[in-house]
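Peer 1: Contents of data_29.cif (mmCIF, C-alpha atoms; chains and numbers go by the auth columns) are given next:
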```
data_run
#
loop_
_atom_site.group_PDB
_atom_site.id
_atom_site.type_symbol
_atom_site.label_atom_id
_atom_site.label_comp_id
_atom_site.label_asym_id
_atom_site.label_seq_id
_atom_site.Cartn_x
_atom_site.Cartn_y
_atom_site.Cartn_z
_atom_site.B_iso_or_equiv
_atom_site.auth_seq_id
_atom_site.auth_asym_id
ATOM 1 C CA MET A 1 0.000 0.000 0.000 0.00 16 A
ATOM 2 C CA ALA A 2 3.025 2.256 -0.265 0.00 17 A
ATOM 3 C CA THR A 3 2.288 5.558 -1.897 0.00 18 A
ATOM 4 C CA PRO A 4 4.424 5.926 -5.043 0.00 19 A
ATOM 5 C CA ALA A 5 4.878 9.646 -4.334 0.00 20 A
ATOM 6 C CA ALA A 6 6.271 9.044 -0.841 0.00 21 A
ATOM 7 C CA THR A 7 10.034 9.466 -0.558 0.00 22 A
ATOM 8 C CA THR A 8 10.336 9.934 3.200 0.00 23 A
ATOM 9 C CA VAL A 9 8.950 8.256 6.301 0.00 24 A
ATOM 10 C CA ALA A 10 6.914 11.386 7.088 0.00 25 A
ATOM 11 C CA GLU A 11 5.349 11.441 3.603 0.00 26 A
ATOM 12 C CA TYR A 12 4.601 7.717 3.810 0.00 27 A
ATOM 13 C CA LEU A 13 2.887 8.049 7.199 0.00 28 A
ATOM 14 C CA ALA A 14 0.920 11.096 6.091 0.00 29 A
ATOM 15 C CA ALA A 15 -0.379 9.224 3.033 0.00 30 A
ATOM 16 C CA LEU A 16 -1.736 6.285 5.055 0.00 31 A
ATOM 17 C CA PRO A 17 -5.360 6.167 6.198 0.00 32 A
ATOM 18 C CA ALA A 18 -5.623 7.063 9.901 0.00 33 A
ATOM 19 C CA ASP A 19 -6.318 3.487 11.047 0.00 34 A
ATOM 20 C CA LYS A 20 -3.309 2.098 9.186 0.00 35 A
ATOM 21 C CA ARG A 21 -1.097 4.997 10.283 0.00 36 A
ATOM 22 C CA LYS A 22 -1.973 4.232 13.916 0.00 37 A
ATOM 23 C CA VAL A 23 -0.846 0.587 13.583 0.00 38 A
ATOM 24 C CA ILE A 24 2.317 1.398 11.639 0.00 39 A
ATOM 25 C CA SER A 25 3.188 4.186 14.085 0.00 40 A
ATOM 26 C CA LYS A 26 2.833 1.871 17.090 0.00 41 A
ATOM 27 C CA VAL A 27 5.070 -0.840 15.606 0.00 42 A
ATOM 28 C CA ARG A 28 7.508 1.832 14.441 0.00 43 A
ATOM 29 C CA SER A 29 7.762 3.239 17.963 0.00 44 A
ATOM 30 C CA VAL A 30 8.562 -0.233 19.344 0.00 45 A
ATOM 31 C CA ILE A 31 11.259 -0.737 16.723 0.00 46 A
ATOM 32 C CA ARG A 32 12.791 2.690 17.308 0.00 47 A
ATOM 33 C CA ALA A 33 12.769 2.255 21.093 0.00 48 A
ATOM 34 C CA ASN A 34 14.689 -1.026 20.803 0.00 49 A
ATOM 35 C CA LEU A 35 16.932 -0.380 17.800 0.00 50 A
ATOM 36 C CA PRO A 36 20.581 -0.764 18.815 0.00 51 A
ATOM 37 C CA LYS A 37 22.922 2.183 18.335 0.00 52 A
ATOM 38 C CA GLY A 38 24.332 2.428 14.827 0.00 53 A
ATOM 39 C CA TYR A 39 21.201 1.553 12.842 0.00 54 A
ATOM 40 C CA ALA A 40 19.237 4.285 11.094 0.00 55 A
ATOM 41 C CA GLU A 41 15.665 4.685 9.942 0.00 56 A
ATOM 42 C CA SER A 42 15.067 5.534 6.289 0.00 57 A
ATOM 43 C CA PHE A 43 12.487 5.063 3.561 0.00 58 A
ATOM 44 C CA LEU A 44 13.545 2.452 0.999 0.00 59 A
ATOM 45 C CA PHE A 45 11.685 0.200 -1.409 0.00 60 A
ATOM 46 C CA GLY A 46 8.344 1.742 -0.393 0.00 61 A
ATOM 47 C CA MET A 47 8.791 0.823 3.273 0.00 62 A
ATOM 48 C CA ILE A 48 10.037 2.265 6.528 0.00 63 A
ATOM 49 C CA SER A 49 13.452 0.636 6.713 0.00 64 A
ATOM 50 C CA TYR A 50 16.058 0.152 9.405 0.00 65 A
ATOM 51 C CA GLY A 51 19.621 -0.534 8.444 0.00 66 A
ATOM 52 C CA ILE A 52 23.280 0.179 8.726 0.00 67 A
ATOM 53 C CA PRO A 53 24.124 3.446 6.956 0.00 68 A
ATOM 54 C CA LEU A 54 26.446 3.188 3.964 0.00 69 A
ATOM 55 C CA SER A 55 28.864 5.492 5.769 0.00 70 A
ATOM 56 C CA ARG A 56 29.387 2.664 8.296 0.00 71 A
ATOM 57 C CA TYR A 57 29.168 -0.327 5.941 0.00 72 A
ATOM 58 C CA PRO A 58 29.234 0.467 2.207 0.00 73 A
ATOM 59 C CA ASP A 59 30.019 -3.063 0.922 0.00 74 A
ATOM 60 C CA THR A 60 26.441 -4.249 0.328 0.00 75 A
ATOM 61 C CA TYR A 61 25.215 -6.436 -2.507 0.00 76 A
ATOM 62 C CA ASN A 62 22.846 -3.779 -3.870 0.00 77 A
ATOM 63 C CA GLY A 63 24.477 -0.483 -2.889 0.00 78 A
ATOM 64 C CA GLN A 64 21.721 0.194 -0.342 0.00 79 A
ATOM 65 C CA PRO A 65 22.068 0.241 3.458 0.00 80 A
ATOM 66 C CA LEU A 66 22.297 -3.243 4.957 0.00 81 A
ATOM 67 C CA GLY A 67 18.742 -3.755 6.186 0.00 82 A
ATOM 68 C CA VAL A 68 17.934 -5.350 9.520 0.00 83 A
ATOM 69 C CA ALA A 69 14.161 -4.676 9.507 0.00 84 A
ATOM 70 C CA ALA A 70 11.425 -2.966 7.514 0.00 85 A
ATOM 71 C CA LEU A 71 7.775 -2.108 8.047 0.00 86 A
ATOM 72 C CA ALA A 72 4.955 -1.550 5.570 0.00 87 A
ATOM 73 C CA SER A 73 1.217 -1.285 5.219 0.00 88 A
ATOM 74 C CA THR A 74 -0.170 -3.624 2.575 0.00 89 A
ATOM 75 C CA LYS A 75 -3.510 -3.963 0.831 0.00 90 A
ATOM 76 C CA SER A 76 -4.634 -6.713 3.207 0.00 91 A
ATOM 77 C CA GLY A 77 -2.743 -5.820 6.390 0.00 92 A
ATOM 78 C CA TYR A 78 0.847 -5.155 7.367 0.00 93 A
ATOM 79 C CA SER A 79 4.307 -6.594 6.847 0.00 94 A
ATOM 80 C CA LEU A 80 7.239 -6.577 9.237 0.00 95 A
ATOM 81 C CA TYR A 81 10.470 -7.756 7.653 0.00 96 A
ATOM 82 C CA LEU A 82 12.988 -9.156 10.123 0.00 97 A
ATOM 83 C CA MET A 83 16.112 -9.815 8.090 0.00 98 A
ATOM 84 C CA CYS A 84 17.936 -10.252 11.407 0.00 99 A
ATOM 85 C CA THR A 85 16.117 -13.576 11.939 0.00 100 A
ATOM 86 C CA TYR A 86 16.596 -14.723 8.342 0.00 101 A
ATOM 87 C CA MET A 87 20.395 -14.888 8.634 0.00 102 A
ATOM 88 C CA ASP A 88 20.452 -16.449 12.097 0.00 103 A
ATOM 89 C CA PRO A 89 18.757 -19.853 12.548 0.00 104 A
ATOM 90 C CA LYS A 90 19.056 -19.673 16.356 0.00 105 A
ATOM 91 C CA LEU A 91 17.443 -16.244 16.490 0.00 106 A
ATOM 92 C CA ASP A 92 14.773 -17.391 14.040 0.00 107 A
ATOM 93 C CA LYS A 93 13.948 -20.398 16.237 0.00 108 A
ATOM 94 C CA TRP A 94 13.888 -18.187 19.346 0.00 109 A
ATOM 95 C CA PHE A 95 11.551 -15.692 17.642 0.00 110 A
ATOM 96 C CA LYS A 96 9.138 -18.379 16.463 0.00 111 A
ATOM 97 C CA ALA A 97 9.063 -19.954 19.926 0.00 112 A
ATOM 98 C CA GLY A 98 8.375 -16.526 21.446 0.00 113 A
ATOM 99 C CA PHE A 99 5.472 -16.025 19.083 0.00 114 A
ATOM 100 C CA ALA A 100 3.966 -19.375 20.146 0.00 115 A
ATOM 101 C CA LYS A 101 4.579 -18.594 23.821 0.00 116 A
ATOM 102 C CA ALA A 102 2.691 -15.317 23.389 0.00 117 A
ATOM 103 C CA GLY A 103 -0.255 -17.334 22.059 0.00 118 A
ATOM 104 C CA LYS A 104 -0.153 -15.681 18.654 0.00 119 A
ATOM 105 C CA LYS A 105 -0.461 -17.372 15.257 0.00 120 A
ATOM 106 C CA LEU A 106 2.654 -16.672 13.199 0.00 121 A
ATOM 107 C CA ASP A 107 2.241 -15.955 9.487 0.00 122 A
ATOM 108 C CA MET A 108 5.855 -15.685 8.333 0.00 123 A
ATOM 109 C CA GLY A 109 7.818 -16.204 5.163 0.00 124 A
ATOM 110 C CA LYS A 110 11.619 -16.214 5.167 0.00 125 A
ATOM 111 C CA SER A 111 11.795 -12.836 6.891 0.00 126 A
ATOM 112 C CA CYS A 112 8.323 -11.317 6.473 0.00 127 A
ATOM 113 C CA VAL A 113 5.868 -11.413 9.357 0.00 128 A
ATOM 114 C CA ARG A 114 2.407 -10.689 8.015 0.00 129 A
ATOM 115 C CA PHE A 115 -0.249 -9.422 10.416 0.00 130 A
ATOM 116 C CA LYS A 116 -3.719 -7.946 10.128 0.00 131 A
ATOM 117 C CA SER A 117 -3.914 -6.013 13.419 0.00 132 A
ATOM 118 C CA LEU A 118 -1.820 -5.052 16.433 0.00 133 A
ATOM 119 C CA ASP A 119 -3.498 -7.896 18.341 0.00 134 A
ATOM 120 C CA ASP A 120 -1.789 -10.365 15.973 0.00 135 A
ATOM 121 C CA LEU A 121 1.695 -9.123 16.837 0.00 136 A
ATOM 122 C CA PRO A 122 3.468 -9.599 20.201 0.00 137 A
ATOM 123 C CA LEU A 123 5.022 -6.136 20.371 0.00 138 A
ATOM 124 C CA GLU A 124 7.282 -6.960 23.313 0.00 139 A
ATOM 125 C CA LEU A 125 8.780 -9.833 21.315 0.00 140 A
ATOM 126 C CA VAL A 126 9.294 -7.538 18.320 0.00 141 A
ATOM 127 C CA GLY A 127 11.205 -5.129 20.530 0.00 142 A
ATOM 128 C CA GLN A 128 13.294 -7.948 21.974 0.00 143 A
ATOM 129 C CA VAL A 129 14.270 -9.383 18.594 0.00 144 A
ATOM 130 C CA ILE A 130 15.212 -5.930 17.287 0.00 145 A
ATOM 131 C CA ALA A 131 17.352 -5.282 20.389 0.00 146 A
ATOM 132 C CA LYS A 132 19.198 -8.604 20.129 0.00 147 A
ATOM 133 C CA VAL A 133 21.394 -7.796 17.117 0.00 148 A
ATOM 134 C CA SER A 134 24.095 -5.135 17.340 0.00 149 A
ATOM 135 C CA VAL A 135 25.493 -3.529 14.202 0.00 150 A
ATOM 136 C CA ASP A 136 28.813 -5.385 14.605 0.00 151 A
ATOM 137 C CA GLU A 137 27.026 -8.739 15.034 0.00 152 A
ATOM 138 C CA TYR A 138 24.836 -8.095 12.018 0.00 153 A
ATOM 139 C CA ILE A 139 27.788 -7.182 9.822 0.00 154 A
ATOM 140 C CA ALA A 140 29.614 -10.350 10.951 0.00 155 A
ATOM 141 C CA ARG A 141 26.565 -12.500 10.114 0.00 156 A
ATOM 142 C CA TYR A 142 26.149 -10.804 6.747 0.00 157 A
ATOM 143 C CA GLU A 143 29.801 -11.342 5.876 0.00 158 A
ATOM 144 C CA ALA A 144 29.648 -14.996 6.962 0.00 159 A
ATOM 145 C CA VAL A 145 26.608 -15.616 4.755 0.00 160 A
ATOM 146 C CA LYS A 146 28.186 -13.680 1.875 0.00 161 A
ATOM 147 C CA LYS A 147 31.278 -15.908 1.964 0.00 162 A
ATOM 148 C CA LYS A 148 29.205 -19.079 1.419 0.00 163 A
#
```
Please lay out the structure from this file as structure tokens.

Peer 2:
Amino acid sequence: MATPAATTVAEYLAALPADKRKVISKVRSVIRANLPKGYAESFLFGMISYGIPLSRYPDTYNGQPLGVAALASTKSGYSLYLMCTYMDPKLDKWFKAGFAKAGKKLDMGKSCVRFKSLDDLPLELVGQVIAKVSVDEYIARYEAVKKK
């Protein structure tokens, strides 16, 4: 549901209907409150994105900041991309177990958690998974995967 004209987070949020903006803003605030030092928020690929700035780590496969998470409103709900779990099987297993423990039904692809409302998403768990991966750890994981 990204607005093609949006080029910034503020423009993207302003273009969303009020009900969708409220959900995205709540998840965004959880991410921002738990984002380790060194990551930055930006607007990439039609989503609110969180990654390592190119000034810190320019050697990415696509010339864009190395993304750790992203958030978007979609036609049928919302998407939360957790690339941090995709590259770390232990973290992925921990996250999925936390979802089950919270009594929530997980709808997840390789890194994309799809949800229809805030009630579908354990926000405390989202904050915890975001907080678990420092910039240095994420770069090390990325480089290890890149070498394979």

Peer 1: Expand the PyMOL selection byres ((chain A and resi 97) around 7) into the individual residues it matches in the shown file, reporting them as number ranges by chain.

Peer 2: A: 83-85, 95-96, 98-101, 126-127

Peer 1: Report, in Å with one decimal, the straight-line distance from CA of Phe130 (chain A) to CA of Leu59 (chain A).

Peer 2: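 Going from CA of Phe130 (chain A) over to CA of Leu59 (chain A), I get 20.5 Å.
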
Peer 1: For the structure provided, state which residues fall under the PyMOL selection byres ((chain A and resi 63) around 8), and present them as a CSV table (one decimal) with C-alpha atoms, keeping the file's coordinate frame.

Peer 2:
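For reference, result.csv as written:
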```
chain,number,residue,atom,x,y,z
A,24,VAL,CA,9.0,8.3,6.3
A,56,GLU,CA,15.7,4.7,9.9
A,57,SER,CA,15.1,5.5,6.3
A,58,PHE,CA,12.5,5.1,3.6
A,59,LEU,CA,13.5,2.5,1.0
A,61,GLY,CA,8.3,1.7,-0.4
A,62,MET,CA,8.8,0.8,3.3
A,64,SER,CA,13.5,0.6,6.7
A,65,TYR,CA,16.1,0.2,9.4
A,85,ALA,CA,11.4,-3.0,7.5
A,86,LEU,CA,7.8,-2.1,8.0
A,87,ALA,CA,5.0,-1.6,5.6
```

Peer 1: Tell me which residues the PyMOL selection byres ((chain A and resi 30-37) around 10) grabs here, as a PDB file with C-alpha atoms, in the coordinates of the input.

Peer 2:
```
ATOM      1  CA  MET A  16       0.000   0.000   0.000  1.00  0.00           C
ATOM      2  CA  ALA A  17       3.025   2.256  -0.265  1.00  0.00           C
ATOM      3  CA  THR A  18       2.288   5.558  -1.897  1.00  0.00           C
ATOM      4  CA  PRO A  19       4.424   5.926  -5.043  1.00  0.00           C
ATOM      5  CA  ALA A  20       4.878   9.646  -4.334  1.00  0.00           C
ATOM      6  CA  ALA A  21       6.271   9.044  -0.841  1.00  0.00           C
ATOM      7  CA  VAL A  24       8.950   8.256   6.301  1.00  0.00           C
ATOM      8  CA  ALA A  25       6.914  11.386   7.088  1.00  0.00           C
ATOM      9  CA  GLU A  26       5.349  11.441   3.603  1.00  0.00           C
ATOM     10  CA  TYR A  27       4.601   7.717   3.810  1.00  0.00           C
ATOM     11  CA  LEU A  28       2.887   8.049   7.199  1.00  0.00           C
ATOM     12  CA  ALA A  29       0.920  11.096   6.091  1.00  0.00           C
ATOM     13  CA  VAL A  38      -0.846   0.587  13.583  1.00  0.00           C
ATOM     14  CA  ILE A  39       2.317   1.398  11.639  1.00  0.00           C
ATOM     15  CA  SER A  40       3.188   4.186  14.085  1.00  0.00           C
ATOM     16  CA  LYS A  41       2.833   1.871  17.090  1.00  0.00           C
ATOM     17  CA  VAL A  42       5.070  -0.840  15.606  1.00  0.00           C
ATOM     18  CA  ARG A  43       7.508   1.832  14.441  1.00  0.00           C
ATOM     19  CA  ALA A  87       4.955  -1.550   5.570  1.00  0.00           C
ATOM     20  CA  SER A  88       1.217  -1.285   5.219  1.00  0.00           C
ATOM     21  CA  THR A  89      -0.170  -3.624   2.575  1.00  0.00           C
ATOM     22  CA  GLY A  92      -2.743  -5.820   6.390  1.00  0.00           C
ATOM     23  CA  TYR A  93       0.847  -5.155   7.367  1.00  0.00           C
ATOM     24  CA  SER A 132      -3.914  -6.013  13.419  1.00  0.00           C
ATOM     25  CA  LEU A 133      -1.820  -5.052  16.433  1.00  0.00           C
TER      26      LEU A 133
END
```

Peer 1: Please compute the CA of Pro68 (chain A)-CA of Leu138 (chain A) distance, one decimal, in Å.

Peer 2: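 It comes out at 25.2 Å.
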
Peer 1: May I ask which of the residues A:Ala48, A:Ala159, A:Leu106, A:Ala115 is the closest one to Val144 (chain A), counting all atoms listed in the file?

Peer 2: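 Nearest candidate to Val144 (chain A) out of A:Ala48, A:Ala159, A:Leu106, A:Ala115: A:Leu106.
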
Peer 1: Figure out the distance between CA of Ser94 (chain A) and CA of Ala117 (chain A), please, to one decimal in Å.

Peer 2: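 The value is 18.8 Å.
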